[in-house]
Amino acid sequence: MDAPQNRSLADRRLLVEPSILSADFTRLGEECRAAMAAGGDALHVDVMDGHFVPNISLGPVICEAAHRAAPGAFLDVHLMCTDPGRWVDPYADAGAGHIQFHVEVMPRPAALVERIRARGMTAGIVLNPDTPASVCADAIPLVDTVMLMSVHPGKSGQKFIASVLSKAPELLAMMRPGQRLMIDGGVSPATAPACRAAGISVLIAASAIYGTRDYAAAITAIRG
């Protein structure tokens, strides 16, 4: 999940993904390129359907625009959607390299993962803050990544929920060495050390990067 060299999830170093949810959409292409030039390892695309979460955001057209603006960037699409299967082909066509969906709506995801992989992408599951790690037990063997939400999904800029880190040891115990544990929501230079200490190897940050004037300094601080 590294760009611009199109490295994959198999790259074992700690990765930082700027989330374009907090980018300036009047300058989207420039913002995508700037985050990658500042040391971002991938671009995170938060998709909200207005049903699973109350807001609506970042449809396939936005994903495709990010792909055109930064064609070397690996695009990690997080589907906060009630029907994630509906969106596999549109986001694959838009340039996505990885699709994540919520275990709350897809507890038995074998068929969906197969569809995602058939389109040449990797697949991941996501847990909301209140979802126990045990809910993922059947899904974890099927996917490439597991992501903890450290805010309640639906909008950027929320306070980090530190208690979700207590799920990391249980999840890691169920994961293979080649799988990645990720975290999204309220990740910043202040909260990243606890995430890294918990064994999380992909950190997603939105306002902590795009809300600053120095993207490179923010990414470096989050990476630690």
# chains A, B, ... in the order shown; residues from 1 in each chain; ligands from 1
$ select_by_dssp --residues "chain A" --states "strand (DSSP E or B)" --output "PyMOL selection string"
chain A and resi 2+7+15-19+43-49+56-57+75-80+98-102+122-127+145-149+180-184+202-205
$ residues_around --residues "Ala65 of chain A" --least-positions-apart "6" --cutoff "12 Å" --atoms "only C-alpha atoms" --output "list in words"
Ile20, Phe25, Arg27, Leu28, Gly29, Glu30, Glu31, Cys32, Arg33, Val45, Leu58, Gly59, Pro71, Ala73, Leu75, Tyr91, Asp93, Ala94, Gly95 and Ala96 of chain A
$ write_last_selection --atoms "C-alpha atoms" --output "PDB file, in the first residue's frame"
ATOM      1  CA  ILE A  20      -8.616  12.987   1.304  1.00  0.00           C
ATOM      2  CA  PHE A  25     -11.854  19.905  -2.704  1.00  0.00           C
ATOM      3  CA  ARG A  27      -7.825  21.847  -5.235  1.00  0.00           C
ATOM      4  CA  LEU A  28      -8.295  18.079  -5.043  1.00  0.00           C
ATOM      5  CA  GLY A  29      -5.667  17.086  -7.568  1.00  0.00           C
ATOM      6  CA  GLU A  30      -3.062  19.354  -6.026  1.00  0.00           C
ATOM      7  CA  GLU A  31      -3.933  18.065  -2.547  1.00  0.00           C
ATOM      8  CA  CYS A  32      -3.534  14.435  -3.634  1.00  0.00           C
ATOM      9  CA  ARG A  33      -0.148  15.103  -5.187  1.00  0.00           C
ATOM     10  CA  VAL A  45     -10.843   7.419   0.183  1.00  0.00           C
ATOM     11  CA  LEU A  58     -16.557  10.604  -2.142  1.00  0.00           C
ATOM     12  CA  GLY A  59     -18.315   8.688  -4.889  1.00  0.00           C
ATOM     13  CA  PRO A  71      -1.798   7.996 -10.982  1.00  0.00           C
ATOM     14  CA  ALA A  73      -0.818   6.593  -5.696  1.00  0.00           C
ATOM     15  CA  LEU A  75      -5.983   4.181  -3.478  1.00  0.00           C
ATOM     16  CA  TYR A  91     -14.453   1.752  -7.511  1.00  0.00           C
ATOM     17  CA  ASP A  93     -13.047   1.052 -12.542  1.00  0.00           C
ATOM     18  CA  ALA A  94     -12.116   4.294 -10.749  1.00  0.00           C
ATOM     19  CA  GLY A  95      -8.635   3.042  -9.885  1.00  0.00           C
ATOM     20  CA  ALA A  96      -8.978   1.597  -6.381  1.00  0.00           C
TER      21      ALA A  96
END
$ residues_around --residues "segment 110-116 of chain A" --least-positions-apart "6" --cutoff "9 Å" --atoms "only C-alpha atoms" --output "CSV table (one decimal) with N, CA and C atoms, in the first residue's frame"
chain,number,residue,atom,x,y,z
A,84,PRO,N,-22.0,-2.9,0.4
A,84,PRO,CA,-20.7,-2.7,-0.2
A,84,PRO,C,-20.5,-3.4,-1.6
A,85,GLY,N,-21.2,-4.5,-1.8
A,85,GLY,CA,-21.1,-5.3,-3.0
A,85,GLY,C,-21.5,-4.4,-4.2
A,88,VAL,N,-18.2,-2.5,-5.7
A,88,VAL,CA,-16.9,-3.1,-6.1
A,88,VAL,C,-16.5,-2.7,-7.5
A,89,ASP,N,-17.3,-2.9,-8.4
A,89,ASP,CA,-17.0,-2.6,-9.8
A,89,ASP,C,-16.8,-1.1,-10.1
A,92,ALA,N,-13.4,-0.2,-8.6
A,92,ALA,CA,-12.3,-0.8,-9.3
A,92,ALA,C,-12.1,-0.1,-10.6
A,98,HIS,N,-7.4,-1.2,-3.2
A,98,HIS,CA,-7.8,-1.9,-2.0
A,98,HIS,C,-9.2,-1.4,-1.6
A,99,ILE,N,-10.1,-2.4,-1.3
A,99,ILE,CA,-11.5,-2.0,-0.8
A,99,ILE,C,-11.7,-2.6,0.6
A,122,THR,N,-7.0,-5.8,-3.3
A,122,THR,CA,-7.0,-6.5,-2.1
A,122,THR,C,-8.2,-6.1,-1.3
A,123,ALA,N,-8.5,-6.8,-0.2
A,123,ALA,CA,-9.7,-6.6,0.5
A,123,ALA,C,-9.5,-6.5,2.0
A,124,GLY,N,-10.3,-5.8,2.7
A,124,GLY,CA,-10.2,-5.6,4.2
A,124,GLY,C,-11.6,-5.5,4.8
A,139,ALA,N,-14.2,-13.8,9.5
A,139,ALA,CA,-13.9,-13.0,8.3
A,139,ALA,C,-12.4,-12.9,8.2
A,142,LEU,N,-10.0,-14.5,5.6
A,142,LEU,CA,-10.3,-14.3,4.2
A,142,LEU,C,-9.7,-13.0,3.6
A,143,VAL,N,-9.3,-12.1,4.5
A,143,VAL,CA,-9.0,-10.7,4.0
A,143,VAL,C,-7.5,-10.4,4.2
$ closest_residue --among "A:Ala218, A:Met106, A:Leu14, A:Ile140" --to "Ala206 of chain A" --atoms "only C-alpha atoms"
A:Ala218
$ closest_residue --among "A:Val126, A:Met121, A:Ile183, A:Val77" --to "Asp46 of chain A" --atoms "only C-alpha atoms"
A:Val77
$ residues_around --residues "Asp138 of chain A" --least-positions-apart "5" --cutoff "9 Å" --atoms "only C-alpha atoms" --output "list in words"
Pro107, Arg108 and Pro109 of chain A
$ closest_residue --among "A:Ala168, A:Val202, A:Met175, A:Ala197" --to "Arg13 of chain A" --atoms "only C-alpha atoms"
A:Val202
$ atom_distance --atom1 "atom CA of Arg223 of chain A" --atom2 "atom CA of Leu172 of chain A"
19.9 Å
$ residues_around --residues "Gly40 of chain A" --least-positions-apart "3" --cutoff "8 Å" --atoms "only C-alpha atoms" --output "JSON, numbers by chain"
{"A": [2, 3, 15, 16, 17, 18, 35, 36, 37, 43, 219]}
$ residues_around --residues "segment 212-215 of chain A" --least-positions-apart "5" --cutoff "8 Å" --atoms "only C-alpha atoms" --output "list in words"
Ala34, Ala35, Ala38 and Ser207 of chain A
$ closest_residue --among "A:Cys63, A:Ala205, A:Val164, A:Leu171" --to "Asp76 of chain A" --atoms "only C-alpha atoms"
A:Cys63
$ residues_around --residues "His102 of chain A" --least-positions-apart "6" --cutoff "9 Å" --atoms "only C-alpha atoms" --output "JSON, numbers by chain"
{"A": [78, 79, 80, 81, 82, 84, 124, 125, 126, 127, 128]}
$ closest_residue --among "A:Leu165, A:Ala208, A:Met149, A:Ala173" --to "Gly185 of chain A" --atoms "only C-alpha atoms"
A:Met149
$ select_by_dssp --residues "segment 42-127 of chain A" --states "helix (DSSP H, G or I)" --output "list of chain:residue names"
A:Pro60, A:Val61, A:Ile62, A:Cys63, A:Glu64, A:Ala65, A:Ala66, A:His67, A:Arg68, A:Ala69, A:Pro84, A:Gly85, A:Arg86, A:Trp87, A:Val88, A:Asp89, A:Pro90, A:Tyr91, A:Ala92, A:Asp93, A:Ala110, A:Ala111, A:Leu112, A:Val113, A:Glu114, A:Arg115, A:Ile116, A:Arg117, A:Ala118
$ decode --residues "segment 188-204 of chain A" --atoms "all heavy atoms" --output "tab-separated table (two decimals), in the first residue's frame"
chain	number	residue	atom	x	y	z
A	188	SER	N	-3.33	11.20	15.00
A	188	SER	CA	-2.57	12.44	14.96
A	188	SER	C	-1.19	12.18	15.56
A	188	SER	O	-0.94	11.09	16.10
A	188	SER	CB	-3.28	13.51	15.79
A	188	SER	OG	-3.20	13.21	17.17
A	189	PRO	N	-0.29	13.15	15.52
A	189	PRO	CA	0.99	12.96	16.20
A	189	PRO	C	0.84	12.63	17.68
A	189	PRO	O	1.68	11.93	18.25
A	189	PRO	CB	1.70	14.30	15.98
A	189	PRO	CG	1.16	14.78	14.67
A	189	PRO	CD	-0.29	14.38	14.69
A	190	ALA	N	-0.24	13.11	18.30
A	190	ALA	CA	-0.44	12.84	19.73
A	190	ALA	C	-0.95	11.43	19.99
A	190	ALA	O	-0.61	10.81	21.01
A	190	ALA	CB	-1.41	13.87	20.31
A	191	THR	N	-1.78	10.89	19.12
A	191	THR	CA	-2.38	9.58	19.34
A	191	THR	C	-1.64	8.45	18.64
A	191	THR	O	-1.81	7.27	18.99
A	191	THR	CB	-3.86	9.57	18.89
A	191	THR	OG1	-3.92	9.87	17.48
A	191	THR	CG2	-4.67	10.59	19.65
A	192	ALA	N	-0.82	8.76	17.65
A	192	ALA	CA	-0.13	7.73	16.87
A	192	ALA	C	0.79	6.85	17.70
A	192	ALA	O	0.87	5.64	17.44
A	192	ALA	CB	0.63	8.36	15.71
A	193	PRO	N	1.53	7.39	18.70
A	193	PRO	CA	2.41	6.50	19.46
A	193	PRO	C	1.69	5.32	20.11
A	193	PRO	O	2.19	4.19	20.11
A	193	PRO	CB	3.04	7.43	20.50
A	193	PRO	CG	3.03	8.77	19.84
A	193	PRO	CD	1.75	8.80	19.08
A	194	ALA	N	0.50	5.56	20.65
A	194	ALA	CA	-0.25	4.46	21.26
A	194	ALA	C	-0.71	3.46	20.21
A	194	ALA	O	-0.75	2.25	20.47
A	194	ALA	CB	-1.46	5.02	22.02
A	195	CYS	N	-1.03	3.95	19.01
A	195	CYS	CA	-1.42	3.04	17.92
A	195	CYS	C	-0.25	2.16	17.52
A	195	CYS	O	-0.41	0.94	17.35
A	195	CYS	CB	-1.91	3.86	16.73
A	195	CYS	SG	-3.36	4.88	17.02
A	196	ARG	N	0.90	2.76	17.36
A	196	ARG	CA	2.09	1.99	16.99
A	196	ARG	C	2.43	0.97	18.07
A	196	ARG	O	2.77	-0.18	17.78
A	196	ARG	CB	3.27	2.92	16.73
A	196	ARG	CG	3.03	3.91	15.58
A	196	ARG	CD	4.33	4.60	15.17
A	196	ARG	NE	4.98	5.31	16.26
A	196	ARG	CZ	4.84	6.62	16.52
A	196	ARG	NH1	4.04	7.35	15.76
A	196	ARG	NH2	5.48	7.19	17.52
A	197	ALA	N	2.33	1.38	19.33
A	197	ALA	CA	2.65	0.49	20.44
A	197	ALA	C	1.70	-0.70	20.50
A	197	ALA	O	2.07	-1.78	20.97
A	197	ALA	CB	2.62	1.25	21.76
A	198	ALA	N	0.47	-0.52	20.01
A	198	ALA	CA	-0.52	-1.59	20.01
A	198	ALA	C	-0.31	-2.58	18.87
A	198	ALA	O	-1.04	-3.58	18.78
A	198	ALA	CB	-1.93	-1.00	19.93
A	199	GLY	N	0.65	-2.32	18.00
A	199	GLY	CA	0.93	-3.23	16.90
A	199	GLY	C	0.26	-2.88	15.60
A	199	GLY	O	0.27	-3.66	14.65
A	200	ILE	N	-0.32	-1.69	15.53
A	200	ILE	CA	-0.99	-1.24	14.31
A	200	ILE	C	0.06	-0.75	13.33
A	200	ILE	O	0.96	0.02	13.70
A	200	ILE	CB	-2.02	-0.16	14.64
A	200	ILE	CG1	-3.14	-0.77	15.50
A	200	ILE	CG2	-2.59	0.46	13.37
A	200	ILE	CD1	-4.02	0.23	16.19
A	201	SER	N	-0.04	-1.17	12.07
A	201	SER	CA	1.02	-0.85	11.12
A	201	SER	C	0.57	0.01	9.95
A	201	SER	O	1.39	0.34	9.08
A	201	SER	CB	1.64	-2.14	10.57
A	201	SER	OG	0.69	-2.91	9.87
A	202	VAL	N	-0.70	0.40	9.90
A	202	VAL	CA	-1.16	1.37	8.90
A	202	VAL	C	-2.01	2.41	9.63
A	202	VAL	O	-3.05	2.07	10.23
A	202	VAL	CB	-1.99	0.71	7.78
A	202	VAL	CG1	-2.38	1.76	6.74
A	202	VAL	CG2	-1.22	-0.43	7.13
A	203	LEU	N	-1.58	3.66	9.58
A	203	LEU	CA	-2.24	4.75	10.28
A	203	LEU	C	-2.87	5.69	9.26
A	203	LEU	O	-2.17	6.20	8.38
A	203	LEU	CB	-1.23	5.52	11.14
A	203	LEU	CG	-0.36	4.70	12.10
A	203	LEU	CD1	0.59	5.61	12.86
A	203	LEU	CD2	-1.22	3.92	13.07
A	204	ILE	N	-4.18	5.90	9.39
A	204	ILE	CA	-4.90	6.79	8.49
A	204	ILE	C	-5.16	8.10	9.22
A	204	ILE	O	-5.64	8.10	10.35
A	204	ILE	CB	-6.23	6.17	8.01
A	204	ILE	CG1	-5.96	4.97	7.10
A	204	ILE	CG2	-7.07	7.17	7.26
A	204	ILE	CD1	-5.93	3.65	7.79
